[in-house]
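**Q** Contents of model_33.cif (mmCIF, C-alpha atoms and all ligand atoms; chains and numbers go by the auth columns) are given next:
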```
data_model
loop_
_atom_site.group_PDB
_atom_site.id
_atom_site.type_symbol
_atom_site.label_atom_id
_atom_site.label_comp_id
_atom_site.label_asym_id
_atom_site.label_seq_id
_atom_site.Cartn_x
_atom_site.Cartn_y
_atom_site.Cartn_z
_atom_site.B_iso_or_equiv
_atom_site.auth_seq_id
_atom_site.auth_asym_id
ATOM 1 C CA MET A 1 -3.645 -7.028 -12.591 0.00 1210 A
ATOM 2 C CA THR A 2 -4.850 -8.814 -9.517 0.00 1211 A
ATOM 3 C CA ASN A 3 -2.456 -10.394 -7.097 0.00 1212 A
ATOM 4 C CA ALA A 4 -4.031 -13.009 -4.906 0.00 1213 A
ATOM 5 C CA THR A 5 -0.925 -13.258 -2.742 0.00 1214 A
ATOM 6 C CA THR A 6 -1.771 -9.887 -1.205 0.00 1215 A
ATOM 7 C CA HIS A 7 -4.956 -11.277 0.325 0.00 1216 A
ATOM 8 C CA GLY A 8 -5.406 -13.721 3.105 0.00 1217 A
ATOM 9 C CA ALA A 9 -2.383 -15.966 2.962 0.00 1218 A
ATOM 10 C CA SER A 10 0.764 -14.057 2.042 0.00 1219 A
ATOM 11 C CA PRO A 11 4.024 -15.943 2.606 0.00 1220 A
ATOM 12 C CA LEU A 12 7.050 -14.497 4.387 0.00 1221 A
ATOM 13 C CA GLU A 13 8.748 -14.052 1.019 0.00 1222 A
ATOM 14 C CA GLN A 14 8.890 -10.864 -1.017 0.00 1223 A
ATOM 15 C CA PRO A 15 6.794 -11.313 -4.195 0.00 1224 A
ATOM 16 C CA PRO A 16 8.211 -10.237 -7.561 0.00 1225 A
ATOM 17 C CA LEU A 17 7.707 -6.626 -8.581 0.00 1226 A
ATOM 18 C CA PRO A 18 4.723 -6.759 -10.999 0.00 1227 A
ATOM 19 C CA PHE A 19 6.270 -4.315 -13.509 0.00 1228 A
ATOM 20 C CA ALA A 20 9.676 -3.191 -14.771 0.00 1229 A
ATOM 21 C CA ARG A 21 11.559 -0.749 -12.552 0.00 1230 A
ATOM 22 C CA ASP A 22 11.218 2.048 -15.125 0.00 1231 A
ATOM 23 C CA ALA A 23 7.552 1.365 -15.936 0.00 1232 A
ATOM 24 C CA LEU A 24 6.205 4.212 -13.787 0.00 1233 A
ATOM 25 C CA ALA A 25 8.657 6.901 -14.844 0.00 1234 A
ATOM 26 C CA PRO A 26 8.589 9.844 -14.671 0.00 1235 A
ATOM 27 C CA ALA A 27 5.928 9.705 -11.932 0.00 1236 A
ATOM 28 C CA ILE A 28 8.201 7.323 -9.987 0.00 1237 A
ATOM 29 C CA SER A 29 11.747 6.874 -11.307 0.00 1238 A
ATOM 30 C CA ALA A 30 13.539 3.552 -11.749 0.00 1239 A
ATOM 31 C CA ASP A 31 15.999 4.686 -9.054 0.00 1240 A
ATOM 32 C CA THR A 32 13.182 5.215 -6.548 0.00 1241 A
ATOM 33 C CA ILE A 33 11.527 1.893 -7.396 0.00 1242 A
ATOM 34 C CA GLY A 34 14.882 0.147 -7.105 0.00 1243 A
ATOM 35 C CA VAL A 35 15.725 1.489 -3.647 0.00 1244 A
ATOM 36 C CA HIS A 36 12.139 1.113 -2.477 0.00 1245 A
ATOM 37 C CA TYR A 37 11.686 -2.509 -3.610 0.00 1246 A
ATOM 38 C CA ASP A 38 15.249 -3.847 -3.248 0.00 1247 A
ATOM 39 C CA LYS A 39 16.167 -2.109 0.023 0.00 1248 A
ATOM 40 C CA HIS A 40 13.119 -0.928 1.988 0.00 1249 A
ATOM 41 C CA HIS A 41 10.586 -3.621 1.104 0.00 1250 A
ATOM 42 C CA LYS A 42 13.138 -6.456 1.099 0.00 1251 A
ATOM 43 C CA GLY A 43 14.457 -5.180 4.408 0.00 1252 A
ATOM 44 C CA TYR A 44 11.069 -5.561 6.092 0.00 1253 A
ATOM 45 C CA PHE A 45 10.889 -9.215 5.010 0.00 1254 A
ATOM 46 C CA ASP A 46 14.502 -9.911 6.036 0.00 1255 A
ATOM 47 C CA THR A 47 13.998 -8.337 9.464 0.00 1256 A
ATOM 48 C CA LEU A 48 10.654 -10.080 9.998 0.00 1257 A
ATOM 49 C CA VAL A 49 12.106 -13.515 9.234 0.00 1258 A
ATOM 50 C CA LYS A 50 14.861 -12.909 11.803 0.00 1259 A
ATOM 51 C CA LEU A 51 12.413 -11.626 14.436 0.00 1260 A
ATOM 52 C CA VAL A 52 10.048 -14.610 14.212 0.00 1261 A
ATOM 53 C CA ALA A 53 12.713 -17.325 13.748 0.00 1262 A
ATOM 54 C CA GLY A 54 12.162 -20.157 16.189 0.00 1263 A
ATOM 55 C CA SER A 55 8.791 -18.814 17.374 0.00 1264 A
ATOM 56 C CA PRO A 56 5.289 -20.102 16.554 0.00 1265 A
ATOM 57 C CA LEU A 57 4.850 -17.068 14.269 0.00 1266 A
ATOM 58 C CA ALA A 58 7.529 -18.377 11.895 0.00 1267 A
ATOM 59 C CA GLY A 59 5.078 -20.758 10.201 0.00 1268 A
ATOM 60 C CA GLN A 60 2.257 -18.240 9.881 0.00 1269 A
ATOM 61 C CA THR A 61 1.191 -15.980 7.034 0.00 1270 A
ATOM 62 C CA LEU A 62 1.805 -12.244 7.008 0.00 1271 A
ATOM 63 C CA GLU A 63 -1.875 -11.658 7.718 0.00 1272 A
ATOM 64 C CA GLN A 64 -1.866 -14.022 10.715 0.00 1273 A
ATOM 65 C CA ILE A 65 1.258 -12.379 12.127 0.00 1274 A
ATOM 66 C CA ILE A 66 -0.238 -8.898 11.693 0.00 1275 A
ATOM 67 C CA ARG A 67 -3.480 -9.901 13.438 0.00 1276 A
ATOM 68 C CA ALA A 68 -1.558 -11.655 16.240 0.00 1277 A
ATOM 69 C CA THR A 69 0.682 -8.663 17.006 0.00 1278 A
ATOM 70 C CA THR A 70 -1.501 -5.623 16.313 0.00 1279 A
ATOM 71 C CA ASP A 71 -1.871 -3.251 19.281 0.00 1280 A
ATOM 72 C CA ASP A 72 0.559 -5.361 21.373 0.00 1281 A
ATOM 73 C CA PRO A 73 3.366 -3.105 22.640 0.00 1282 A
ATOM 74 C CA ALA A 74 5.564 -6.134 23.330 0.00 1283 A
ATOM 75 C CA GLN A 75 5.401 -7.188 19.674 0.00 1284 A
ATOM 76 C CA VAL A 76 5.603 -3.823 17.948 0.00 1285 A
ATOM 77 C CA LYS A 77 8.802 -4.650 16.037 0.00 1286 A
ATOM 78 C CA ILE A 78 7.240 -7.775 14.558 0.00 1287 A
ATOM 79 C CA PHE A 79 4.000 -5.928 13.762 0.00 1288 A
ATOM 80 C CA ASN A 80 5.827 -3.049 12.079 0.00 1289 A
ATOM 81 C CA ASN A 81 7.907 -5.276 9.819 0.00 1290 A
ATOM 82 C CA ALA A 82 5.045 -7.653 8.976 0.00 1291 A
ATOM 83 C CA ALA A 83 2.642 -4.795 8.263 0.00 1292 A
ATOM 84 C CA GLN A 84 5.185 -2.939 6.140 0.00 1293 A
ATOM 85 C CA ALA A 85 5.930 -6.134 4.190 0.00 1294 A
ATOM 86 C CA TRP A 86 2.182 -6.553 3.557 0.00 1295 A
ATOM 87 C CA ASN A 87 1.520 -2.877 2.812 0.00 1296 A
ATOM 88 C CA HIS A 88 4.243 -2.820 0.159 0.00 1297 A
ATOM 89 C CA ASN A 89 2.939 -6.026 -1.458 0.00 1298 A
ATOM 90 C CA PHE A 90 -0.380 -4.187 -1.701 0.00 1299 A
ATOM 91 C CA TYR A 91 1.201 -0.933 -2.908 0.00 1300 A
ATOM 92 C CA TRP A 92 3.012 -2.545 -5.853 0.00 1301 A
ATOM 93 C CA ALA A 93 -0.232 -4.267 -6.843 0.00 1302 A
ATOM 94 C CA SER A 94 -2.048 -0.918 -6.558 0.00 1303 A
ATOM 95 C CA LEU A 95 0.185 0.665 -9.215 0.00 1304 A
ATOM 96 C CA SER A 96 -0.131 0.403 -12.986 0.00 1305 A
ATOM 97 C CA PRO A 97 2.304 1.416 -15.733 0.00 1306 A
ATOM 98 C CA LYS A 98 -0.601 2.820 -17.746 0.00 1307 A
ATOM 99 C CA ALA A 99 -3.634 4.792 -16.675 0.00 1308 A
ATOM 100 C CA LEU A 100 -6.664 2.623 -15.977 0.00 1309 A
ATOM 101 C CA THR A 101 -10.239 3.496 -15.035 0.00 1310 A
ATOM 102 C CA PRO A 102 -12.565 1.752 -12.578 0.00 1311 A
ATOM 103 C CA GLY A 103 -15.167 -0.598 -13.979 0.00 1312 A
ATOM 104 C CA GLY A 104 -18.062 -2.750 -12.867 0.00 1313 A
ATOM 105 C CA ALA A 105 -19.464 -2.535 -9.374 0.00 1314 A
ATOM 106 C CA LEU A 106 -16.587 -0.328 -8.245 0.00 1315 A
ATOM 107 C CA ALA A 107 -17.436 2.326 -10.840 0.00 1316 A
ATOM 108 C CA ALA A 108 -21.035 2.351 -9.615 0.00 1317 A
ATOM 109 C CA ALA A 109 -19.919 2.621 -5.989 0.00 1318 A
ATOM 110 C CA ILE A 110 -17.587 5.521 -6.809 0.00 1319 A
ATOM 111 C CA ALA A 111 -20.440 7.337 -8.524 0.00 1320 A
ATOM 112 C CA ARG A 112 -22.675 6.719 -5.488 0.00 1321 A
ATOM 113 C CA ASP A 113 -20.161 7.593 -2.734 0.00 1322 A
ATOM 114 C CA PHE A 114 -17.907 10.222 -4.353 0.00 1323 A
ATOM 115 C CA GLY A 115 -19.717 11.461 -7.473 0.00 1324 A
ATOM 116 C CA ASP A 116 -16.989 10.704 -9.979 0.00 1325 A
ATOM 117 C CA LEU A 117 -13.451 9.397 -10.421 0.00 1326 A
ATOM 118 C CA ALA A 118 -11.935 12.884 -10.140 0.00 1327 A
ATOM 119 C CA ALA A 119 -13.476 13.265 -6.678 0.00 1328 A
ATOM 120 C CA VAL A 120 -12.034 10.014 -5.353 0.00 1329 A
ATOM 121 C CA GLN A 121 -8.650 10.903 -6.858 0.00 1330 A
ATOM 122 C CA ALA A 122 -8.786 14.300 -5.132 0.00 1331 A
ATOM 123 C CA ALA A 123 -9.696 12.628 -1.831 0.00 1332 A
ATOM 124 C CA LEU A 124 -6.718 10.257 -2.094 0.00 1333 A
ATOM 125 C CA ILE A 125 -4.345 13.123 -2.913 0.00 1334 A
ATOM 126 C CA LYS A 126 -5.710 15.169 0.009 0.00 1335 A
ATOM 127 C CA ALA A 127 -5.497 12.285 2.494 0.00 1336 A
ATOM 128 C CA GLY A 128 -1.947 11.460 1.457 0.00 1337 A
ATOM 129 C CA THR A 129 -0.794 15.067 1.474 0.00 1338 A
ATOM 130 C CA GLU A 130 -2.317 15.767 4.891 0.00 1339 A
ATOM 131 C CA GLN A 131 -1.029 12.581 6.544 0.00 1340 A
ATOM 132 C CA PHE A 132 1.444 13.969 9.100 0.00 1341 A
ATOM 133 C CA GLY A 133 4.726 12.126 8.810 0.00 1342 A
ATOM 134 C CA SER A 134 5.048 8.639 7.369 0.00 1343 A
ATOM 135 C CA GLY A 135 2.018 6.600 6.372 0.00 1344 A
ATOM 136 C CA TRP A 136 -0.370 5.396 3.720 0.00 1345 A
ATOM 137 C CA ALA A 137 -3.432 6.713 1.863 0.00 1346 A
ATOM 138 C CA TRP A 138 -6.081 4.066 1.231 0.00 1347 A
ATOM 139 C CA LEU A 139 -9.298 3.492 -0.662 0.00 1348 A
ATOM 140 C CA VAL A 140 -11.242 1.016 1.450 0.00 1349 A
ATOM 141 C CA ALA A 141 -14.651 -0.593 1.549 0.00 1350 A
ATOM 142 C CA ASP A 142 -16.331 -0.191 4.938 0.00 1351 A
ATOM 143 C CA GLY A 143 -19.200 -2.613 4.523 0.00 1352 A
ATOM 144 C CA ASP A 144 -20.244 -1.673 1.000 0.00 1353 A
ATOM 145 C CA THR A 145 -19.390 2.006 1.438 0.00 1354 A
ATOM 146 C CA LEU A 146 -16.226 3.389 -0.121 0.00 1355 A
ATOM 147 C CA LYS A 147 -14.002 5.559 2.077 0.00 1356 A
ATOM 148 C CA VAL A 148 -10.631 7.250 1.709 0.00 1357 A
ATOM 149 C CA VAL A 149 -8.552 6.984 4.882 0.00 1358 A
ATOM 150 C CA ALA A 150 -4.941 7.375 5.955 0.00 1359 A
ATOM 151 C CA THR A 151 -2.826 5.328 8.343 0.00 1360 A
ATOM 152 C CA HIS A 152 0.394 6.390 10.032 0.00 1361 A
ATOM 153 C CA ASP A 153 3.667 4.476 9.972 0.00 1362 A
ATOM 154 C CA ALA A 154 2.939 0.768 9.316 0.00 1363 A
ATOM 155 C CA GLY A 155 -0.788 0.996 9.981 0.00 1364 A
ATOM 156 C CA VAL A 156 -3.096 -1.352 8.086 0.00 1365 A
ATOM 157 C CA ARG A 157 -6.861 -1.173 7.694 0.00 1366 A
ATOM 158 C CA PHE A 158 -7.949 -4.801 7.490 0.00 1367 A
ATOM 159 C CA THR A 159 -7.488 -5.279 11.243 0.00 1368 A
ATOM 160 C CA SER A 160 -10.153 -2.591 11.731 0.00 1369 A
ATOM 161 C CA GLY A 161 -12.754 -4.324 9.619 0.00 1370 A
ATOM 162 C CA GLN A 162 -12.221 -2.287 6.464 0.00 1371 A
ATOM 163 C CA ARG A 163 -11.300 -3.997 3.198 0.00 1372 A
ATOM 164 C CA PRO A 164 -8.420 -2.267 1.420 0.00 1373 A
ATOM 165 C CA LEU A 165 -8.975 -1.708 -2.290 0.00 1374 A
ATOM 166 C CA LEU A 166 -5.777 0.156 -3.097 0.00 1375 A
ATOM 167 C CA THR A 167 -3.072 2.151 -1.327 0.00 1376 A
ATOM 168 C CA VAL A 168 -0.432 4.820 -1.956 0.00 1377 A
ATOM 169 C CA ASP A 169 2.760 4.937 0.108 0.00 1378 A
ATOM 170 C CA VAL A 170 3.490 8.432 1.468 0.00 1379 A
ATOM 171 C CA TRP A 171 6.679 7.621 3.378 0.00 1380 A
ATOM 172 C CA GLU A 172 9.439 9.980 2.202 0.00 1381 A
ATOM 173 C CA HIS A 173 11.368 7.073 0.652 0.00 1382 A
ATOM 174 C CA ALA A 174 8.506 6.677 -1.855 0.00 1383 A
ATOM 175 C CA TYR A 175 9.187 10.058 -3.508 0.00 1384 A
ATOM 176 C CA TYR A 176 12.093 11.989 -2.031 0.00 1385 A
ATOM 177 C CA LEU A 177 14.670 11.036 -4.698 0.00 1386 A
ATOM 178 C CA ASP A 178 12.265 12.279 -7.381 0.00 1387 A
ATOM 179 C CA VAL A 179 10.486 15.343 -6.015 0.00 1388 A
ATOM 180 C CA GLN A 180 12.161 15.970 -2.647 0.00 1389 A
ATOM 181 C CA ASN A 181 9.623 17.536 -0.287 0.00 1390 A
ATOM 182 C CA ARG A 182 6.835 17.898 -2.881 0.00 1391 A
ATOM 183 C CA ARG A 183 4.708 14.966 -1.721 0.00 1392 A
ATOM 184 C CA ALA A 184 1.604 16.407 -3.379 0.00 1393 A
ATOM 185 C CA ASP A 185 3.328 16.305 -6.798 0.00 1394 A
ATOM 186 C CA TYR A 186 4.144 12.608 -6.340 0.00 1395 A
ATOM 187 C CA LEU A 187 0.598 11.888 -5.198 0.00 1396 A
ATOM 188 C CA LYS A 188 -0.981 13.738 -8.119 0.00 1397 A
ATOM 189 C CA ALA A 189 1.194 11.929 -10.677 0.00 1398 A
ATOM 190 C CA VAL A 190 0.551 8.509 -9.165 0.00 1399 A
ATOM 191 C CA VAL A 191 -3.128 8.897 -8.311 0.00 1400 A
ATOM 192 C CA GLU A 192 -4.116 10.466 -11.643 0.00 1401 A
ATOM 193 C CA GLY A 193 -1.888 8.357 -13.870 0.00 1402 A
ATOM 194 C CA HIS A 194 -0.771 5.112 -12.294 0.00 1403 A
ATOM 195 C CA LEU A 195 -3.395 3.515 -10.074 0.00 1404 A
ATOM 196 C CA ASN A 196 -4.396 -0.049 -10.877 0.00 1405 A
ATOM 197 C CA TRP A 197 -8.164 0.293 -10.850 0.00 1406 A
ATOM 198 C CA ASP A 198 -8.494 -3.296 -12.093 0.00 1407 A
ATOM 199 C CA PHE A 199 -6.841 -4.430 -8.847 0.00 1408 A
ATOM 200 C CA ALA A 200 -9.174 -2.202 -6.800 0.00 1409 A
ATOM 201 C CA ALA A 201 -12.245 -3.485 -8.690 0.00 1410 A
ATOM 202 C CA ALA A 202 -11.190 -7.097 -8.107 0.00 1411 A
ATOM 203 C CA ASN A 203 -10.704 -6.403 -4.392 0.00 1412 A
ATOM 204 C CA PHE A 204 -14.117 -4.723 -4.206 0.00 1413 A
ATOM 205 C CA ALA A 205 -15.768 -7.689 -5.936 0.00 1414 A
ATOM 206 C CA ALA A 206 -13.943 -10.245 -3.798 0.00 1415 A
ATOM 207 C CA ASP A 207 -16.288 -10.233 -0.794 0.00 1416 A
HETATM 208 MN MN MN B . 7.573 2.373 1.347 0.00 1501 A
#
```
Go through the file and emit its structure as structure tokens.
**A**
Amino acid sequence: MTNATTHGASPLEQPPLPFARDALAPAISADTIGVHYDKHHKGYFDTLVKLVAGSPLAGQTLEQIIRATTDDPAQVKIFNNAAQAWNHNFYWASLSPKALTPGGALAAAIARDFGDLAAVQAALIKAGTEQFGSGWAWLVADGDTLKVVATHDAGVRFTSGQRPLLTVDVWEHAYYLDVQNRRADYLKAVVEGHLNWDFAAANFAAD
């Protein structure tokens, strides 16, 4: 499923979760999805709205706010909440209740840049497992080349000229209720069984 609201002009309102809370179990439990979506993700939007109230940023999109505040120490609270709101929009859209496989131009690019789907899955699991502390593992397009990268904390990639295709949250709140410290188990279950490759293919074809 594609979700156009994650690209370019996202409002300062939390979008609906694109699947039922138990749709990813047992890889991600309904309890984890509930706390993650209803508390963490909603909290970033609620805090952001309060932080920008009465300022020129209040009428801007998430993407505009992120670009306006990135790398500005005076605006780090606004950046963190805006970027986390955006990253979670993108994360939910990156997940699929059922296993999908890449198609079209993305499948050809994976074959060219990684060899096969298993190799890109392994790279995502490795990047997410090795990310020290909180962050995100991403498949991005850098020009037309596919890369797997990680960001720490609220870091995004589109401000660095890379186009995100999909992401996996590796903050502890994404998995700790389910597998405690075993981040690699969460990553393996999600990356091998629940990535929305249709969303990634649509993002790759978008530019
Ligand atoms: Mn999260």
**Q** With the cut-off set at 8 Å and counting only C-alpha atoms and all ligand atoms, tabulate each residue of chain A with an atom at most that distance from an atom of ligand MN 1501 (chain A), showing the nearest atom pair and its distance in Å to one decimal, ordered by chain and increasing number, as a tab-separated table.
**A**
```
residue	atom	partner	partner_atom	distance
A:His1245	CA	A:MN1501	MN	6.1
A:His1249	CA	A:MN1501	MN	6.5
A:His1250	CA	A:MN1501	MN	6.7
A:Gln1293	CA	A:MN1501	MN	7.5
A:His1297	CA	A:MN1501	MN	6.3
A:Asp1378	CA	A:MN1501	MN	5.6
A:Val1379	CA	A:MN1501	MN	7.3
A:Trp1380	CA	A:MN1501	MN	5.7
A:Glu1381	CA	A:MN1501	MN	7.9
A:His1382	CA	A:MN1501	MN	6.1
A:Ala1383	CA	A:MN1501	MN	5.4
```
**Q** Can you pull out every residue within 6 Å of Ala1294 of chain A, counting all atoms listed in the file, but drop anything in the same chain fewer than 2 positions away, and send it as a list in words?
**A** Tyr1253, Phe1254, Ala1291, Ala1292, Asn1296 and His1297 of chain A
**Q** Mind checking which residues fall within 12 Å of Lys1286 of chain A, counting all atoms listed in the file, ignoring those fewer than 5 positions away in the same chain, and posting them as a PyMOL selection string?
**A** chain A and resi 1253+1256-1261+1274-1275+1278-1281+1291-1293+1363
**Q** Contacts of Ala1393 of chain A at 10 Å or less, counting only C-alpha atoms, minus same-chain residues fewer than 3 places along, as number ranges by chain?
**A** A: 1334-1335, 1337-1339, 1379, 1384, 1388, 1390, 1396-1399
**Q** Suppose a student applies the PyMOL selection byres (((chain A and resi 1321-1325) around 12) and not hetatm) to this structure; what residues should they get, written as number ranges by chain?
**A** A: 1310-1311, 1314-1320, 1326-1333, 1348-1351, 1353-1357
**Q** Enter the distance from atom CA of Gly1243 of chain A to atom CA of Gln1273 of chain A, in Å, rounded to one decimal.
**A**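 For atom CA of Gly1243 of chain A relative to atom CA of Gln1273 of chain A, the distance reads 28.3 Å.
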**Q** Residues around (-3.4, 5.5, -11.5), cut-off 8 Å, counting only C-alpha atoms - what are they as a JSON list (two decimals) with C-alpha atoms, keeping the file's coordinate frame?
**A**
```json
[["chain", "number", "residue", "atom", "x", "y", "z"],
["A", 1304, "LEU", "CA", 0.18, 0.66, -9.22],
["A", 1305, "SER", "CA", -0.13, 0.40, -12.99],
["A", 1307, "LYS", "CA", -0.60, 2.82, -17.75],
["A", 1308, "ALA", "CA", -3.63, 4.79, -16.68],
["A", 1309, "LEU", "CA", -6.66, 2.62, -15.98],
["A", 1310, "THR", "CA", -10.24, 3.50, -15.04],
["A", 1398, "ALA", "CA", 1.19, 11.93, -10.68],
["A", 1399, "VAL", "CA", 0.55, 8.51, -9.16],
["A", 1400, "VAL", "CA", -3.13, 8.90, -8.31],
["A", 1401, "GLU", "CA", -4.12, 10.47, -11.64],
["A", 1402, "GLY", "CA", -1.89, 8.36, -13.87],
["A", 1403, "HIS", "CA", -0.77, 5.11, -12.29],
["A", 1404, "LEU", "CA", -3.40, 3.52, -10.07],
["A", 1405, "ASN", "CA", -4.40, -0.05, -10.88],
["A", 1406, "TRP", "CA", -8.16, 0.29, -10.85]]
```
**Q** For atom CA of Phe1288 of chain A and atom CA of Ala1414 of chain A, quote the distance in Å rounded to one decimal.
**A**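 So the two atoms, atom CA of Phe1288 of chain A and atom CA of Ala1414 of chain A, lie 28.0 Å apart.
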**Q** Padding of 4 Å on every side, edges along x, y and z, all listed atoms of segment 1290-1294 of chain A included: what centre and edge lengths in Å, to one decimal, does that box have, as lines of an AutoDock Vina configuration file?
**A**
```
center_x = 5.3
center_y = -5.3
center_z = 7.0
size_x = 13.3
size_y = 12.7
size_z = 13.6
```
**Q** Could you jot down the atom CA of Gly1217 of chain A to atom CA of Tyr1300 of chain A separation for me, Å, one decimal place?
**A**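 Atom-to-atom, atom CA of Gly1217 of chain A to atom CA of Tyr1300 of chain A, that is 15.6 Å.
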**Q** Between A:Arg1372, A:Arg1366, A:Arg1392, A:Lys1248, which is the closest to Phe1341 of chain A once you count all atoms listed in the file?
**A**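 For Phe1341 of chain A, the nearest of the given residues is A:Arg1392.
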**Q** Using the chain letters and numbers from the file, give me the residues hit by the PyMOL selection byres (((chain A and resi 1233) around 9) and not hetatm), as a PDB file with C-alpha atoms, in the coordinates of the input.
**A**
```
ATOM      1  CA  PHE A1228       6.270  -4.315 -13.509  1.00  0.00           C
ATOM      2  CA  ALA A1229       9.676  -3.191 -14.771  1.00  0.00           C
ATOM      3  CA  ARG A1230      11.559  -0.749 -12.552  1.00  0.00           C
ATOM      4  CA  ASP A1231      11.218   2.048 -15.125  1.00  0.00           C
ATOM      5  CA  ALA A1232       7.552   1.365 -15.936  1.00  0.00           C
ATOM      6  CA  ALA A1234       8.657   6.901 -14.844  1.00  0.00           C
ATOM      7  CA  PRO A1235       8.589   9.844 -14.671  1.00  0.00           C
ATOM      8  CA  ALA A1236       5.928   9.705 -11.932  1.00  0.00           C
ATOM      9  CA  ILE A1237       8.201   7.323  -9.987  1.00  0.00           C
ATOM     10  CA  SER A1238      11.747   6.874 -11.307  1.00  0.00           C
ATOM     11  CA  ALA A1239      13.539   3.552 -11.749  1.00  0.00           C
ATOM     12  CA  ILE A1242      11.527   1.893  -7.396  1.00  0.00           C
ATOM     13  CA  LEU A1304       0.185   0.665  -9.215  1.00  0.00           C
ATOM     14  CA  SER A1305      -0.131   0.403 -12.986  1.00  0.00           C
ATOM     15  CA  PRO A1306       2.304   1.416 -15.733  1.00  0.00           C
ATOM     16  CA  LYS A1307      -0.601   2.820 -17.746  1.00  0.00           C
ATOM     17  CA  VAL A1399       0.551   8.509  -9.165  1.00  0.00           C
ATOM     18  CA  HIS A1403      -0.771   5.112 -12.294  1.00  0.00           C
TER      19      HIS A1403
END
```
**Q** Let me make sure I understand: among A:Asn1290, A:Asn1298, A:Gln1269, A:Asn1412, which one has the smallest atom-to-atom distance to Gln1223 of chain A if we use all atoms listed in the file?
**A**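 Looking only at the distances to Gln1223 of chain A, the closest residue turns out to be A:Asn1298.
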